[in-house]
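Enquirer: Structure file entry.cif (mmCIF, C-alpha atoms (C1' of nucleotides)) is given on the next line.
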data_input
loop_
_atom_site.label_atom_id
_atom_site.label_comp_id
_atom_site.auth_asym_id
_atom_site.auth_seq_id
_atom_site.Cartn_x
_atom_site.Cartn_y
_atom_site.Cartn_z
CA MET C 20 45.74 -8.11 3.75
CA HIS C 21 44.64 -9.00 0.26
CA ALA C 22 46.16 -11.05 -2.46
CA SER C 23 46.72 -9.13 -5.67
CA PRO C 24 43.70 -8.81 -7.93
CA GLU C 25 45.34 -11.17 -10.39
CA THR C 26 45.82 -13.91 -7.90
CA GLU C 27 42.33 -13.34 -6.62
CA TRP C 28 40.87 -13.79 -10.03
CA ALA C 29 42.84 -16.93 -10.75
CA GLU C 30 41.64 -18.42 -7.49
CA LEU C 31 38.11 -17.34 -8.13
CA ALA C 32 38.11 -18.89 -11.57
CA LEU C 33 39.70 -22.13 -10.54
CA GLY C 34 37.42 -22.30 -7.53
CA ALA C 35 34.32 -21.71 -9.61
CA LEU C 36 35.31 -24.52 -11.91
CA ALA C 37 36.19 -26.84 -9.04
CA SER C 38 32.83 -26.27 -7.43
CA GLU C 39 31.26 -27.65 -10.55
CA GLY C 40 33.40 -30.70 -10.47
CA ARG C 41 35.77 -29.58 -13.22
CA LYS C 42 39.33 -30.64 -12.84
CA ALA C 43 42.19 -28.24 -13.21
CA GLY C 44 44.86 -29.97 -15.20
CA GLY C 45 47.93 -28.25 -16.48
CA ALA C 46 46.30 -26.71 -19.52
CA ARG C 47 43.35 -25.13 -17.80
CA ARG C 48 45.52 -23.86 -14.99
CA ALA C 49 48.06 -22.39 -17.41
CA VAL C 50 45.36 -20.55 -19.34
CA VAL C 51 43.81 -19.17 -16.17
CA GLU C 52 47.13 -18.05 -14.82
CA LEU C 53 48.08 -16.36 -18.07
CA LEU C 54 44.79 -14.52 -18.29
CA ALA C 55 45.00 -13.58 -14.64
CA GLY C 56 48.09 -11.53 -15.32
CA GLN C 57 46.64 -9.58 -18.23
CA SER C 58 44.81 -6.33 -17.83
CA CYS C 59 43.45 -6.34 -21.35
CA CYS C 60 42.38 -8.91 -23.87
CA LEU C 61 44.42 -11.59 -25.56
CA SER C 62 43.49 -13.51 -28.67
CA ALA C 63 43.25 -17.27 -28.55
CA GLN C 64 46.30 -17.40 -30.77
CA GLU C 65 48.26 -15.18 -28.44
CA VAL C 66 47.32 -17.37 -25.53
CA ALA C 67 48.30 -20.45 -27.48
CA ASP C 68 51.57 -18.88 -28.57
CA ARG C 69 52.60 -17.89 -25.09
CA LEU C 70 51.80 -21.35 -23.86
CA ARG C 71 53.26 -23.16 -26.82
CA GLY C 72 55.03 -26.34 -25.96
CA ARG C 73 53.26 -26.59 -22.67
CA VAL C 74 49.67 -26.62 -23.85
CA GLY C 75 48.01 -27.78 -27.05
CA VAL C 76 45.91 -25.41 -29.11
CA ALA C 77 42.76 -27.42 -28.65
CA SER C 78 43.04 -27.21 -24.90
CA VAL C 79 43.50 -23.48 -25.10
CA TYR C 80 40.29 -23.13 -27.07
CA ARG C 81 38.48 -25.53 -24.78
CA ALA C 82 39.60 -23.68 -21.67
CA LEU C 83 38.70 -20.28 -23.07
CA ASP C 84 35.35 -21.51 -24.20
CA LEU C 85 34.56 -22.98 -20.81
CA LEU C 86 35.64 -19.85 -18.99
CA ALA C 87 33.54 -17.73 -21.30
CA ARG C 88 30.47 -19.91 -20.77
CA GLU C 89 30.94 -19.61 -17.03
CA GLY C 90 31.15 -15.86 -17.31
CA LEU C 91 34.69 -15.82 -15.96
CA VAL C 92 36.14 -14.35 -19.09
CA GLN C 93 34.58 -12.19 -21.72
CA ARG C 94 34.88 -13.00 -25.39
CA ILE C 95 35.53 -9.92 -27.48
CA GLU C 96 35.29 -9.63 -31.25
CA LEU C 97 37.12 -6.79 -32.88
CA GLY C 98 36.19 -7.56 -36.42
CA ASP C 99 39.52 -8.97 -37.48
CA GLY C 100 38.36 -12.56 -37.43
CA ALA C 101 40.03 -13.53 -34.18
CA ALA C 102 38.23 -13.74 -30.87
CA ARG C 103 39.87 -12.16 -27.88
CA PHE C 104 39.43 -13.01 -24.25
CA GLU C 105 39.79 -11.04 -21.10
CA ARG C 106 39.17 -11.89 -17.48
CA VAL C 107 36.01 -10.67 -15.83
CA VAL C 108 36.54 -9.40 -12.31
CA PRO C 109 33.14 -9.50 -10.66
CA GLY C 110 32.36 -6.14 -9.17
CA GLY C 111 35.64 -4.86 -10.48
CA ASP C 112 35.75 -2.31 -13.14
CA HIS C 113 34.93 -2.88 -16.49
CA HIS C 114 36.38 -1.34 -19.60
CA HIS C 115 35.70 -1.18 -23.30
CA HIS C 116 37.89 -0.73 -26.34
CA VAL C 117 38.74 1.75 -29.02
CA VAL C 118 40.33 0.27 -32.09
CA CYS C 119 42.28 2.16 -34.70
CA GLU C 120 41.07 1.17 -38.14
CA ARG C 121 44.40 2.19 -39.60
CA CYS C 122 46.98 0.48 -37.45
CA GLY C 123 44.80 -1.89 -35.48
CA ARG C 124 45.95 -0.57 -32.15
CA LEU C 125 43.63 -1.33 -29.30
CA THR C 126 43.12 1.05 -26.42
CA PRO C 127 41.00 0.32 -23.40
CA PHE C 128 38.87 2.98 -21.78
CA GLU C 129 36.39 3.31 -18.96
CA ASP C 130 33.43 5.61 -18.86
CA GLU C 131 31.04 5.85 -15.97
CA ASP C 132 28.62 7.94 -17.92
CA LEU C 133 28.38 5.26 -20.57
CA GLU C 134 27.92 2.55 -17.98
CA ARG C 135 25.08 4.48 -16.43
CA ALA C 136 23.39 4.84 -19.80
CA MET C 137 23.79 1.10 -20.38
CA HIS C 138 22.32 0.39 -17.01
CA ARG C 139 19.29 2.58 -17.56
CA LEU C 140 18.84 1.03 -20.96
CA ALA C 141 18.96 -2.47 -19.52
CA GLY C 142 15.91 -1.70 -17.43
CA ARG C 143 14.01 -0.72 -20.52
CA LEU C 144 14.65 -3.86 -22.53
CA ALA C 145 12.47 -6.95 -22.57
CA HIS C 146 15.59 -8.96 -22.05
CA THR C 147 17.64 -10.22 -19.18
CA VAL C 148 20.97 -8.48 -19.55
CA ARG C 149 24.10 -10.40 -18.72
CA GLY C 150 26.66 -8.08 -20.16
CA HIS C 151 27.53 -5.71 -22.91
CA ASP C 152 30.38 -4.83 -25.21
CA VAL C 153 31.16 -1.49 -26.69
CA LEU C 154 33.61 -1.02 -29.50
CA ILE C 155 34.61 2.36 -30.79
CA ARG C 156 36.21 2.50 -34.21
CA GLY C 157 38.30 5.34 -35.47
CA GLU C 158 41.82 6.53 -35.91
CA CYS C 159 44.32 6.76 -33.12
CA SER C 160 46.19 9.98 -32.52
CA SER C 161 49.43 8.83 -34.11
CA CYS C 162 47.70 7.59 -37.26
CA ALA C 163 45.66 10.80 -37.45
CA ARG C 164 48.89 12.81 -37.30
CA SER C 165 50.56 10.86 -40.04
CA GLY C 166 47.88 11.34 -42.54
CA MET D 7 8.38 13.60 -53.38
CA HIS D 8 11.00 11.23 -52.12
CA ALA D 9 12.03 7.79 -53.16
CA SER D 10 11.80 5.22 -50.37
CA PRO D 11 14.72 5.17 -47.97
CA GLU D 12 15.76 1.81 -49.41
CA THR D 13 15.96 3.09 -52.92
CA GLU D 14 17.72 6.16 -51.70
CA TRP D 15 20.37 4.13 -50.00
CA ALA D 16 20.93 1.90 -53.00
CA GLU D 17 21.39 4.93 -55.20
CA LEU D 18 23.63 6.60 -52.69
CA ALA D 19 25.83 3.53 -52.43
CA LEU D 20 26.05 2.91 -56.14
CA GLY D 21 26.64 6.59 -56.72
CA ALA D 22 29.42 6.74 -54.17
CA LEU D 23 31.13 3.82 -55.83
CA ALA D 24 30.63 5.23 -59.32
CA SER D 25 32.18 8.53 -58.29
CA GLU D 26 35.32 6.64 -57.44
CA GLY D 27 35.39 4.93 -60.77
CA ARG D 28 34.11 1.58 -59.56
CA LYS D 29 31.89 -0.27 -61.93
CA ALA D 30 28.63 -1.75 -60.88
CA GLY D 31 28.41 -5.17 -62.42
CA GLY D 32 25.68 -7.63 -61.62
CA ALA D 33 27.21 -8.88 -58.40
CA ARG D 34 27.83 -5.56 -56.75
CA ARG D 35 24.44 -4.28 -57.78
CA ALA D 36 22.70 -7.39 -56.49
CA VAL D 37 24.41 -7.11 -53.10
CA VAL D 38 23.57 -3.43 -52.79
CA GLU D 39 19.97 -4.03 -53.72
CA LEU D 40 19.61 -6.88 -51.30
CA LEU D 41 21.09 -4.88 -48.44
CA ALA D 42 19.00 -1.87 -49.36
CA GLY D 43 15.86 -3.80 -48.57
CA GLN D 44 16.97 -5.01 -45.14
CA SER D 45 16.37 -3.09 -41.98
CA CYS D 46 18.75 -5.20 -39.92
CA CYS D 47 21.95 -7.08 -40.52
CA LEU D 48 22.59 -10.07 -42.72
CA SER D 49 25.56 -12.39 -42.56
CA ALA D 50 27.76 -12.83 -45.59
CA GLN D 51 26.44 -16.37 -45.87
CA GLU D 52 22.86 -15.15 -45.83
CA VAL D 53 23.64 -12.67 -48.55
CA ALA D 54 25.39 -15.35 -50.57
CA ASP D 55 22.53 -17.79 -50.06
CA ARG D 56 19.87 -15.37 -51.18
CA LEU D 57 21.90 -14.54 -54.21
CA ARG D 58 22.99 -18.07 -54.96
CA GLY D 59 23.10 -18.94 -58.60
CA ARG D 60 23.27 -15.33 -59.59
CA VAL D 61 26.36 -14.27 -57.68
CA GLY D 62 29.49 -16.13 -56.61
CA VAL D 63 30.54 -16.19 -52.97
CA ALA D 64 33.79 -14.41 -53.62
CA SER D 65 32.00 -11.49 -55.20
CA VAL D 66 29.68 -11.25 -52.25
CA TYR D 67 32.62 -10.98 -49.89
CA ARG D 68 34.36 -8.53 -52.16
CA ALA D 69 31.31 -6.33 -52.46
CA LEU D 70 30.63 -6.35 -48.72
CA ASP D 71 34.22 -5.59 -47.97
CA LEU D 72 34.30 -2.68 -50.37
CA LEU D 73 31.05 -1.25 -49.02
CA ALA D 74 32.33 -1.57 -45.48
CA ARG D 75 35.58 0.19 -46.33
CA GLU D 76 33.62 3.01 -47.91
CA GLY D 77 31.51 3.34 -44.80
CA LEU D 78 28.35 2.45 -46.71
CA VAL D 79 27.69 -0.65 -44.68
CA GLN D 80 28.67 -1.52 -41.18
CA ARG D 81 30.33 -4.80 -40.32
CA ILE D 82 28.95 -6.32 -37.15
CA GLU D 83 30.42 -9.20 -35.16
CA LEU D 84 28.13 -11.07 -32.85
CA GLY D 85 30.62 -13.55 -31.55
CA ASP D 86 29.39 -16.51 -33.54
CA GLY D 87 32.22 -16.42 -36.01
CA ALA D 88 30.25 -14.91 -38.87
CA ALA D 89 30.40 -11.27 -39.82
CA ARG D 90 27.16 -9.48 -40.45
CA PHE D 91 26.54 -6.43 -42.57
CA GLU D 92 23.96 -3.73 -42.49
CA ARG D 93 23.49 -0.62 -44.52
CA VAL D 94 24.49 2.71 -43.04
CA VAL D 95 22.03 5.48 -43.75
CA PRO D 96 23.95 8.71 -43.27
CA GLY D 97 22.12 10.95 -40.87
CA GLY D 98 19.49 8.26 -40.50
CA ASP D 99 19.06 6.53 -37.29
CA HIS D 100 21.26 4.15 -35.96
CA HIS D 101 20.55 1.09 -33.92
CA HIS D 102 22.39 -1.51 -31.92
CA HIS D 103 21.69 -5.13 -31.06
CA VAL D 104 20.72 -7.36 -28.21
CA VAL D 105 21.56 -10.99 -28.68
CA CYS D 106 20.06 -13.87 -26.75
CA GLU D 107 22.83 -16.17 -25.60
CA ARG D 108 20.37 -19.02 -25.42
CA CYS D 109 18.57 -19.00 -28.75
CA GLY D 110 20.75 -16.60 -30.67
CA ARG D 111 17.89 -14.30 -31.49
CA LEU D 112 18.93 -10.84 -32.47
CA THR D 113 16.88 -7.79 -31.59
CA PRO D 114 17.68 -4.27 -32.69
CA PHE D 115 17.16 -1.31 -30.40
CA GLU D 116 17.72 2.41 -30.40
CA ASP D 117 18.59 4.54 -27.42
CA GLU D 118 19.11 8.25 -27.58
CA ASP D 119 20.47 8.37 -24.09
CA LEU D 120 23.16 5.88 -25.01
CA GLU D 121 24.01 7.76 -28.17
CA ARG D 122 24.45 10.93 -26.18
CA ALA D 123 26.77 9.19 -23.77
CA MET D 124 28.77 7.86 -26.71
CA HIS D 125 28.96 11.29 -28.21
CA ARG D 126 30.19 12.90 -25.02
CA LEU D 127 32.69 10.13 -24.63
CA ALA D 128 34.00 10.62 -28.15
CA GLY D 129 35.00 14.16 -27.25
CA ARG D 130 37.05 12.88 -24.38
CA LEU D 131 39.10 10.34 -26.32
CA ALA D 132 42.44 10.98 -27.96
CA HIS D 133 41.06 9.34 -31.03
CA THR D 134 39.14 10.29 -34.10
CA VAL D 135 35.87 8.46 -33.80
CA ARG D 136 34.29 7.06 -36.92
CA GLY D 137 31.66 4.87 -35.39
CA HIS D 138 30.77 2.55 -32.61
CA ASP D 139 29.06 -0.76 -32.00
CA VAL D 140 27.21 -1.81 -28.93
CA LEU D 141 26.22 -5.38 -28.28
CA ILE D 142 24.11 -6.40 -25.33
CA ARG D 143 24.17 -10.05 -24.36
CA GLY D 144 21.52 -11.74 -22.29
CA GLU D 145 18.45 -13.85 -22.49
CA CYS D 146 15.39 -12.93 -24.49
CA SER D 147 12.01 -12.91 -22.84
CA SER D 148 10.86 -16.20 -24.31
CA CYS D 149 14.03 -18.03 -23.30
CA ALA D 150 13.84 -16.50 -19.82
CA ARG D 151 10.29 -17.81 -19.45
CA SER D 152 11.18 -21.29 -20.51
CA GLY D 153 14.05 -21.78 -18.22
"C1'" DG I 13 39.72 -46.42 -9.97
"C1'" DT I 14 36.97 -43.49 -12.71
"C1'" DG I 15 35.58 -39.80 -15.22
"C1'" DA I 16 37.30 -35.73 -16.88
"C1'" DA I 17 41.16 -33.19 -19.25
"C1'" DT I 18 44.74 -33.22 -22.63
"C1'" DG I 19 47.25 -33.50 -27.08
"C1'" DC I 20 47.47 -34.50 -31.67
"C1'" DA I 21 45.78 -34.50 -36.07
"C1'" DA I 22 42.00 -34.27 -39.00
"C1'" DA I 23 37.89 -31.86 -40.11
"C1'" DC I 24 35.13 -27.69 -40.59
"C1'" DT I 25 33.61 -23.04 -41.38
"C1'" DC I 26 34.26 -18.63 -42.80
"C1'" DT I 27 36.90 -15.74 -45.67
"C1'" DT I 28 40.46 -14.45 -49.02
"C1'" DT I 29 43.23 -14.89 -53.24
"C1'" DG I 30 44.88 -16.20 -58.11
"C1'" DC I 31 43.73 -16.23 -62.46
"C1'" DA I 32 41.20 -16.50 -66.73
"C1'" DT I 33 36.96 -14.71 -68.50
"C1'" DG I 34 33.43 -11.41 -69.13
"C1'" DA I 35 31.23 -6.87 -68.53
"C1'" DC I 36 30.87 -1.77 -67.65
"C1'" DT I 37 32.01 2.93 -68.98
"C1'" DA S 8 39.50 -0.42 -75.99
"C1'" DG S 9 40.83 -0.51 -71.61
"C1'" DT S 10 40.00 -1.32 -67.05
"C1'" DC S 11 37.68 -3.18 -63.55
"C1'" DA S 12 34.37 -6.87 -61.88
"C1'" DT S 13 33.17 -11.64 -61.71
"C1'" DG S 14 33.28 -16.68 -61.03
"C1'" DC S 15 35.48 -20.68 -59.94
"C1'" DA S 16 38.46 -23.28 -57.50
"C1'" DA S 17 42.21 -23.49 -54.43
"C1'" DA S 18 44.36 -21.66 -50.43
"C1'" DG S 19 44.37 -19.69 -45.72
"C1'" DA S 20 43.08 -18.59 -41.06
"C1'" DG S 21 40.75 -19.54 -37.01
"C1'" DT S 22 38.30 -22.85 -34.50
"C1'" DT S 23 36.21 -27.37 -33.41
"C1'" DT S 24 36.00 -32.38 -32.98
"C1'" DG S 25 37.34 -37.50 -32.54
"C1'" DC S 26 39.90 -40.43 -30.16
"C1'" DA S 27 43.51 -42.59 -27.52
"C1'" DT S 28 46.15 -41.39 -23.54
"C1'" DT S 29 47.12 -39.26 -19.16
"C1'" DC S 30 45.93 -37.10 -15.07
"C1'" DA S 31 43.21 -35.09 -11.16
"C1'" DC S 32 40.36 -36.19 -7.57
#
Starting from the file, lay out its structure as structure tokens.
Expert:
Amino acid sequence: MHASPETEWAELALGALASEGRKAGGARRAVVELLAGQSCCLSAQEVADRLRGRVGVASVYRALDLLAREGLVQRIELGDGAARFERVVPGGDHHHHVVCERCGRLTPFEDEDLERAMHRLAGRLAHTVRGHDVLIRGECSSCARSG
Amino acid sequence: MHASPETEWAELALGALASEGRKAGGARRAVVELLAGQSCCLSAQEVADRLRGRVGVASVYRALDLLAREGLVQRIELGDGAARFERVVPGGDHHHHVVCERCGRLTPFEDEDLERAMHRLAGRLAHTVRGHDVLIRGECSSCARSG
DNA sequence: GTGAATGCAAACTCTTTGCATGACT
DNA sequence: AGTCATGCAAAGAGTTTGCATTCAC
């Protein structure tokens, strides 16, 4: 029997940090556990807000930054000036985002075809590829309807 | 005979603005002309620096913002907290970027295969698609060699 | 016990805004 | 002439840093 994917990721992340001698105090643990329960990205502010009172803003940023450097979370920029963060499940699937330029709504999507094209492309580049982000911009169906 | 693509784009951009009743003062014109001569993206700060003395920072941001809203330039976020801007040549080709996480070097690339995958994907989404950005993260060949 | 993590507040960077002035059409 | 663009300086948002304290190992 398996633990849920969320729990697995939290353990993975905390374990990865521990194996490098990083300590998991309350702040780090709270950030990891919050992210573990999200299926899509959260901005640093959102993380800080949901943890307000328990964790200081600086620790939130420090934790997110560390996790991103370790490849345990992915930093995502949507162009609104706030970085977003989302857990990376190794070997798990992997989605991208469509953002509505009208209402700002964010929708995740997966596309195997696109991933294959990215993979083929990676082989062609004179670069070691660690990851990729795709952002599609447009208008969501409800905004398109209303005008 | 054709004007160079750069000149064409500058005229297109200025023309598009003029047709909406926007005036092209020195600042706007300077930003458009600077961008016209670039083949890859420039950050707002870089634009402001190269225009320093002639154009105020606020006007640079205002011009870039207007051009981006009109779809004449594309705003690109690389995750370093500074927005970059690059001209959009309608019908012209279209590139994406690979960024080295070690040295920050930015390399443009084009990939038809990827564009096709994006195009097919667009048809599958419940969204009007206006554009897309792809960012590949990794290590450039010289950083990979040295470490 | 020791070094790392945390919280707070101050500092910083990038970007936006208010307002008076100046310029384009 | 009238409207829009510009510059400057101040404000704002998001993020980072310094430092004393507290906590995990």
Enquirer: Using only C-alpha atoms (C1' of nucleotides), find which residues of chain S lie within 9 Å of chain C and jot them down as a PyMOL selection string.
Expert: chain S and resi 20-23+30-32
Enquirer: With the file shown as input, list the residues that the PyMOL selection byres ((chain I and resi 20) around 10) selects, as a VMD selection string.
Expert: (chain C and resid 75 to 77) or (chain I and resid 18 to 19 21 to 22) or (chain S and resid 26 to 27)
Enquirer: With distances taken over all atoms listed in the file, which residue among D:Cys146, D:Val94, D:Val66, D:Val53 lies nearest DT13 (chain S)?
Expert: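 Closest to DT13 (chain S), using all atoms listed in the file: D:Val66.
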Enquirer: Given the file shown, enumerate the residues that the PyMOL selection byres ((chain D and resi 91) around 9) captures and present them as a ChimeraX atom specification.
Expert: /D:41,46-50,70,74,79-83,89-90,92-93
Enquirer: Which residues match the PyMOL selection byres ((chain C and resi 112) around 12) in the file above, as a ChimeraX atom specification?
Expert: /C:24,58-59,106-111,113-115,127-131,134
Enquirer: With only C-alpha atoms (C1' of nucleotides) as the counted atoms, please give the residues lying no more than 10 Å from Glu76 (chain D), apart from itself and same-chain residues fewer than 5 positions off, as a tab-separated table (two decimals) with C-alpha atoms, in the frame of the given file.
Expert:
chain	number	residue	atom	x	y	z
D	19	ALA	CA	25.83	3.53	-52.43
D	22	ALA	CA	29.42	6.74	-54.17
D	23	LEU	CA	31.13	3.82	-55.83
D	70	LEU	CA	30.63	-6.35	-48.72
D	71	ASP	CA	34.22	-5.59	-47.97
Enquirer: Give the residues of chain C that lie within 8 Å of chain D; count only C-alpha atoms, and format the answer as a ChimeraX atom specification.
Expert: /C:94-98,100,102,130,132-133,136-137,140,145-160,163
Enquirer: Please provide the set of residues having any atom within 12 Å of DT33 (chain I), restricted to all atoms listed in the file, with same-chain residues fewer than 5 positions apart removed, written as an MDAnalysis selection string.
Expert: chainID S and resid 12:15
Enquirer: How far is it from CA of Gly21 (chain D) to C1' of DT37 (chain I), in Å with one decimal?
Expert: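 Between CA of Gly21 (chain D) and C1' of DT37 (chain I) the gap is 13.9 Å.
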